[in-house]
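Pasted below: data-v2.cif, mmCIF, C-alpha atoms.
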data_input
#
loop_
_atom_site.group_PDB
_atom_site.id
_atom_site.type_symbol
_atom_site.label_atom_id
_atom_site.label_comp_id
_atom_site.auth_asym_id
_atom_site.auth_seq_id
_atom_site.Cartn_x
_atom_site.Cartn_y
_atom_site.Cartn_z
ATOM 1 C CA MET A 274 -134.816 54.321 94.064
ATOM 2 C CA ASN A 275 -137.363 51.878 95.388
ATOM 3 C CA LEU A 276 -139.567 54.707 96.596
ATOM 4 C CA THR A 277 -139.549 56.352 93.212
ATOM 5 C CA LYS A 278 -140.112 53.082 91.425
ATOM 6 C CA ALA A 279 -143.112 52.301 93.621
ATOM 7 C CA ILE A 280 -144.533 55.772 93.237
ATOM 8 C CA PHE A 281 -144.462 55.674 89.471
ATOM 9 C CA THR A 282 -145.768 52.167 89.085
ATOM 10 C CA ALA A 283 -148.597 53.095 91.459
ATOM 11 C CA GLY A 284 -150.068 55.808 89.301
ATOM 12 C CA ALA A 285 -147.966 58.721 88.172
ATOM 13 C CA LEU A 286 -146.893 56.884 85.035
ATOM 14 C CA SER A 287 -150.453 56.657 83.841
ATOM 15 C CA LEU A 288 -149.511 59.911 82.118
ATOM 16 C CA VAL A 289 -146.854 58.153 80.069
ATOM 17 C CA SER A 290 -147.729 56.281 76.894
ATOM 18 C CA VAL A 291 -145.853 54.358 74.259
ATOM 19 C CA SER A 292 -146.055 54.299 70.511
ATOM 20 C CA GLY A 293 -145.451 50.569 70.207
ATOM 21 C CA ALA A 294 -145.868 47.257 71.952
ATOM 22 C CA ALA A 295 -144.149 46.445 75.247
ATOM 23 C CA LEU A 296 -140.456 45.764 74.828
ATOM 24 C CA ALA A 297 -138.417 42.782 75.921
ATOM 25 C CA GLN A 298 -135.284 43.585 77.882
ATOM 26 C CA ASP A 299 -131.759 42.716 76.894
ATOM 27 C CA ALA A 300 -128.930 43.320 79.403
ATOM 28 C CA ALA A 301 -127.130 45.729 77.060
ATOM 29 C CA ALA A 302 -129.998 47.412 75.226
ATOM 30 C CA THR A 303 -133.588 46.985 74.230
ATOM 31 C CA ALA A 304 -134.842 47.889 70.801
ATOM 32 C CA LYS A 305 -137.175 46.740 68.077
ATOM 33 C CA ALA A 306 -137.041 47.743 64.455
ATOM 34 C CA ASP A 307 -140.229 49.755 64.983
ATOM 35 C CA GLY A 308 -139.612 50.740 68.641
ATOM 36 C CA PRO A 309 -137.382 52.933 70.781
ATOM 37 C CA LEU A 310 -133.789 52.217 71.732
ATOM 38 C CA ILE A 311 -133.585 51.769 75.493
ATOM 39 C CA ALA A 312 -129.990 51.518 76.706
ATOM 40 C CA ALA A 313 -127.608 53.189 79.116
ATOM 41 C CA GLY A 314 -126.464 56.494 77.653
ATOM 42 C CA VAL A 315 -129.545 57.055 75.462
ATOM 43 C CA LYS A 316 -131.071 60.531 75.702
ATOM 44 C CA VAL A 317 -134.830 60.610 76.264
ATOM 45 C CA TYR A 318 -137.098 63.363 74.966
ATOM 46 C CA GLY A 319 -140.494 64.669 76.004
ATOM 47 C CA PRO A 320 -143.642 65.360 73.976
ATOM 48 C CA GLU A 321 -142.391 68.796 72.927
ATOM 49 C CA GLY A 322 -139.052 67.460 71.702
ATOM 50 C CA ASN A 323 -137.066 68.775 74.670
ATOM 51 C CA GLU A 324 -134.611 66.527 76.474
ATOM 52 C CA VAL A 325 -136.026 64.909 79.624
ATOM 53 C CA GLY A 326 -132.899 63.022 80.689
ATOM 54 C CA THR A 327 -130.542 60.155 80.035
ATOM 55 C CA ILE A 328 -131.018 56.456 80.690
ATOM 56 C CA THR A 329 -128.298 55.386 83.123
ATOM 57 C CA ALA A 330 -129.136 51.719 83.731
ATOM 58 C CA LEU A 331 -131.442 48.802 82.894
ATOM 59 C CA ALA A 332 -132.488 46.126 85.376
ATOM 60 C CA ASP A 333 -135.507 43.865 85.823
ATOM 61 C CA GLY A 334 -137.616 45.504 83.119
ATOM 62 C CA VAL A 335 -136.959 49.019 84.434
ATOM 63 C CA ALA A 336 -134.815 51.771 82.938
ATOM 64 C CA THR A 337 -133.303 54.366 85.276
ATOM 65 C CA LEU A 338 -133.841 57.829 83.825
ATOM 66 C CA ASP A 339 -131.660 60.644 85.200
ATOM 67 C CA THR A 340 -133.250 64.079 84.719
ATOM 68 C CA GLY A 341 -130.246 65.872 86.179
ATOM 69 C CA THR A 342 -132.272 66.527 89.346
ATOM 70 C CA HIS A 343 -133.766 63.101 90.035
ATOM 71 C CA LYS A 344 -133.282 59.486 89.042
ATOM 72 C CA VAL A 345 -136.457 57.509 88.442
ATOM 73 C CA GLY A 346 -137.118 53.931 87.418
ATOM 74 C CA LEU A 347 -139.537 53.633 84.517
ATOM 75 C CA PRO A 348 -140.931 50.370 83.128
ATOM 76 C CA LEU A 349 -139.665 49.747 79.608
ATOM 77 C CA ASP A 350 -143.158 49.930 78.152
ATOM 78 C CA ARG A 351 -143.353 53.607 79.153
ATOM 79 C CA PHE A 352 -140.903 54.609 76.451
ATOM 80 C CA GLY A 353 -141.881 55.485 72.937
ATOM 81 C CA MET A 354 -140.281 56.853 69.799
ATOM 82 C CA ASN A 355 -140.938 60.094 67.950
ATOM 83 C CA ALA A 356 -140.803 60.831 64.215
ATOM 84 C CA LYS A 357 -137.070 61.593 64.561
ATOM 85 C CA LYS A 358 -136.553 58.031 65.925
ATOM 86 C CA GLN A 359 -135.633 59.476 69.353
ATOM 87 C CA THR A 360 -136.571 57.628 72.535
ATOM 88 C CA THR A 361 -139.409 59.459 74.298
ATOM 89 C CA VAL A 362 -141.669 59.607 77.331
ATOM 90 C CA ALA A 363 -144.981 61.466 77.458
ATOM 91 C CA VAL A 364 -143.953 64.061 80.055
ATOM 92 C CA THR A 365 -141.483 66.926 80.102
ATOM 93 C CA ARG A 366 -138.474 67.101 82.419
ATOM 94 C CA ALA A 367 -140.237 69.774 84.494
ATOM 95 C CA GLN A 368 -143.387 67.642 84.795
ATOM 96 C CA LEU A 369 -141.397 64.554 85.777
ATOM 97 C CA ASP A 370 -139.326 66.464 88.360
ATOM 98 C CA GLU A 371 -142.500 68.049 89.744
ATOM 99 C CA MET A 372 -144.226 64.655 90.062
ATOM 100 C CA LEU A 373 -141.198 63.213 91.853
ATOM 101 C CA GLU A 374 -140.904 66.151 94.247
ATOM 102 C CA LYS A 375 -144.605 65.950 95.074
ATOM 103 C CA ALA A 376 -144.388 62.206 95.678
ATOM 104 C CA GLN A 377 -141.298 62.624 97.862
ATOM 105 C CA ALA A 378 -143.010 65.348 99.911
ATOM 106 C CA GLU A 379 -146.086 63.144 100.392
ATOM 107 C CA ALA A 380 -143.919 60.196 101.440
ATOM 108 C CA ALA A 381 -141.968 62.379 103.899
ATOM 109 C CA ALA A 382 -145.219 63.696 105.409
ATOM 110 C CA LYS A 383 -146.556 60.146 105.770
ATOM 111 C CA LEU A 384 -143.326 59.036 107.462
ATOM 112 C CA ASP A 385 -143.384 62.035 109.817
ATOM 113 C CA ALA A 386 -146.942 61.172 110.837
ATOM 114 C CA GLN A 387 -146.012 57.550 111.575
ATOM 115 C CA LEU A 388 -142.537 58.050 113.078
ATOM 116 C CA VAL A 389 -143.642 58.851 116.635
ATOM 117 C CA ALA A 390 -142.852 57.486 120.095
ATOM 118 C CA GLY A 391 -144.668 54.222 120.692
ATOM 119 C CA ALA A 392 -145.156 53.369 117.014
ATOM 120 C CA PRO A 393 -144.476 49.700 116.204
ATOM 121 C CA VAL A 394 -141.305 48.963 114.215
ATOM 122 C CA THR A 395 -140.698 46.000 111.908
ATOM 123 C CA ASP A 396 -137.586 44.978 109.995
ATOM 124 C CA VAL A 397 -137.404 44.756 106.185
ATOM 125 C CA ASN A 398 -138.879 41.244 106.330
ATOM 126 C CA GLY A 399 -141.837 42.284 108.484
ATOM 127 C CA VAL A 400 -140.402 40.843 111.725
ATOM 128 C CA SER A 401 -141.378 42.858 114.791
ATOM 129 C CA LEU A 402 -138.470 44.740 116.356
ATOM 130 C CA GLY A 403 -140.257 46.699 119.057
ATOM 131 C CA SER A 404 -141.357 50.328 119.079
ATOM 132 C CA ILE A 405 -140.068 53.859 118.638
ATOM 133 C CA GLY A 406 -138.602 55.095 121.915
ATOM 134 C CA LYS A 407 -138.002 58.679 120.894
ATOM 135 C CA VAL A 408 -137.455 60.894 117.878
ATOM 136 C CA GLU A 409 -135.025 63.806 118.166
ATOM 137 C CA GLY A 410 -134.501 65.571 114.857
ATOM 138 C CA ASP A 411 -133.126 62.951 112.478
ATOM 139 C CA ASP A 412 -132.185 60.554 115.301
ATOM 140 C CA VAL A 413 -134.650 57.772 116.085
ATOM 141 C CA THR A 414 -134.294 55.364 119.011
ATOM 142 C CA VAL A 415 -135.934 51.957 118.734
ATOM 143 C CA GLU A 416 -136.688 49.987 121.911
ATOM 144 C CA THR A 417 -136.471 46.214 121.502
ATOM 145 C CA GLU A 418 -136.551 43.259 123.897
ATOM 146 C CA TRP A 419 -132.762 43.014 123.352
ATOM 147 C CA GLY A 420 -132.087 46.683 124.174
ATOM 148 C CA ALA A 421 -132.244 49.987 122.330
ATOM 149 C CA PHE A 422 -130.572 51.067 119.116
ATOM 150 C CA ALA A 423 -130.558 54.279 117.092
ATOM 151 C CA LEU A 424 -130.950 54.942 113.391
ATOM 152 C CA LYS A 425 -131.277 58.040 111.269
ATOM 153 C CA ARG A 426 -134.751 59.015 110.024
ATOM 154 C CA GLN A 427 -133.749 58.178 106.432
ATOM 155 C CA ASN A 428 -133.530 54.495 107.446
ATOM 156 C CA PHE A 429 -137.293 54.213 108.010
ATOM 157 C CA GLN A 430 -140.255 53.838 105.689
ATOM 158 C CA PRO A 431 -143.970 54.072 106.445
ATOM 159 C CA ALA A 432 -145.717 50.726 106.899
ATOM 160 C CA ASP A 433 -149.349 49.640 107.205
ATOM 161 C CA ALA A 434 -148.992 49.726 110.983
ATOM 162 C CA GLY A 435 -146.075 51.814 112.274
ATOM 163 C CA VAL A 436 -142.800 51.960 110.378
ATOM 164 C CA THR A 437 -140.250 49.653 108.779
ATOM 165 C CA ALA A 438 -136.582 50.013 109.739
ATOM 166 C CA GLN A 439 -134.069 49.185 107.017
ATOM 167 C CA VAL A 440 -132.407 46.503 109.154
ATOM 168 C CA LEU A 441 -132.783 42.783 109.849
ATOM 169 C CA ALA A 442 -134.003 41.617 113.269
ATOM 170 C CA ASP A 443 -131.270 38.941 113.478
ATOM 171 C CA GLN A 444 -128.559 41.544 112.879
ATOM 172 C CA VAL A 445 -130.032 43.894 115.501
ATOM 173 C CA LYS A 446 -130.296 41.071 118.021
ATOM 174 C CA ALA A 447 -126.711 39.965 117.347
ATOM 175 C CA ALA A 448 -125.356 43.527 117.566
ATOM 176 C CA LEU A 449 -127.225 44.318 120.771
ATOM 177 C CA GLY A 450 -126.221 40.964 122.260
ATOM 178 C CA ALA A 451 -122.570 41.632 121.422
ATOM 179 C CA SER A 452 -122.844 45.093 123.010
ATOM 180 C CA ALA A 453 -124.396 43.616 126.154
ATOM 181 C CA ASP A 454 -121.676 40.944 126.359
ATOM 182 C CA ALA A 455 -118.927 43.574 125.980
ATOM 183 C CA ALA A 456 -120.503 45.755 128.688
ATOM 184 C CA ALA A 457 -120.762 42.783 131.051
ATOM 185 C CA GLN A 458 -117.056 41.974 130.588
ATOM 186 C CA SER A 459 -115.966 45.551 131.418
#

Write out the structure in this file as structure tokens.
Amino acid sequence: MNLTKAIFTAGALSLVSVSGAALAQDAAATAKADGPLIAAGVKVYGPEGNEVGTITALADGVATLDTGTHKVGLPLDRFGMNAKKQTTVAVTRAQLDEMLEKAQAEAAAKLDAQLVAGAPVTDVNGVSLGSIGKVEGDDVTVETEWGAFALKRQNFQPADAGVTAQVLADQVKAALGASADAAAQS
């Protein structure tokens, strides 16, 4: 979800417009007398009147829209309302799915280019972990000063320099230390 949220707030949603002012969020639903209803379970329609998807959740000013193929977080101000008082976005389901698939392919290509032996690895807080030892299919080995550990490719994201592993350095250190202690006692 974070990837999709970042992708759309970075530019793809420039295609989406609203018919009213930005909306304030309520935990259960968001609506104005002259604006769209934004709540879990609400169907969302495109510019041609065809269904784009259903809102499944609201959190932090973002509505999760499920197209049936993808789930994407859209800022609340990206929703509008048509003449039939239906909640809308300015793209069709096919356009939205195509944008998401393109963005996912670009992100995967960027990760592939950066997920190579020797690349620096940081944790989710930007703390240095070490470097990539080897990549074999979806299995990635990270070499640290505390020892090596393995993660699946899906647990990495591209970073400015190298990649970010979806772990915390303290947890890795503790786990590798516990493994070393257990091996020493054997």

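Between CA of Leu331 (chain A) and CA of Ala313 (chain A) lies a distance of 6.9 Å.
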
I want to know what sits within 10 Å of region 380-382 of chain A, based on only C-alpha atoms, with residues of the same chain fewer than 2 positions away left out; could you give that as an NGL selection string?
:A and (276 or 280 or 374-378 or 384-388 or 427 or 430-431)

Excluding same-chain residues fewer than 6 positions from Tyr318 (chain A), what lies within 6 Å of it counting only C-alpha atoms, as a PyMOL selection string?
chain A and resi 324-325+361

Expanded to explicit residues, what is the PyMOL selection byres ((chain A and resi 309) around 7) for this file, as a list of chain:residue names?
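Answer for the PyMOL selection byres ((chain A and resi 309) around 7): A:Ala304, A:Lys305, A:Gly308, A:Leu310, A:Ile311, A:Phe352, A:Gly353, A:Met354, A:Gln359, A:Thr360.
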
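For the pair CA of Asp307 (chain A) and CA of Gly346 (chain A), the separation is 23.0 Å.
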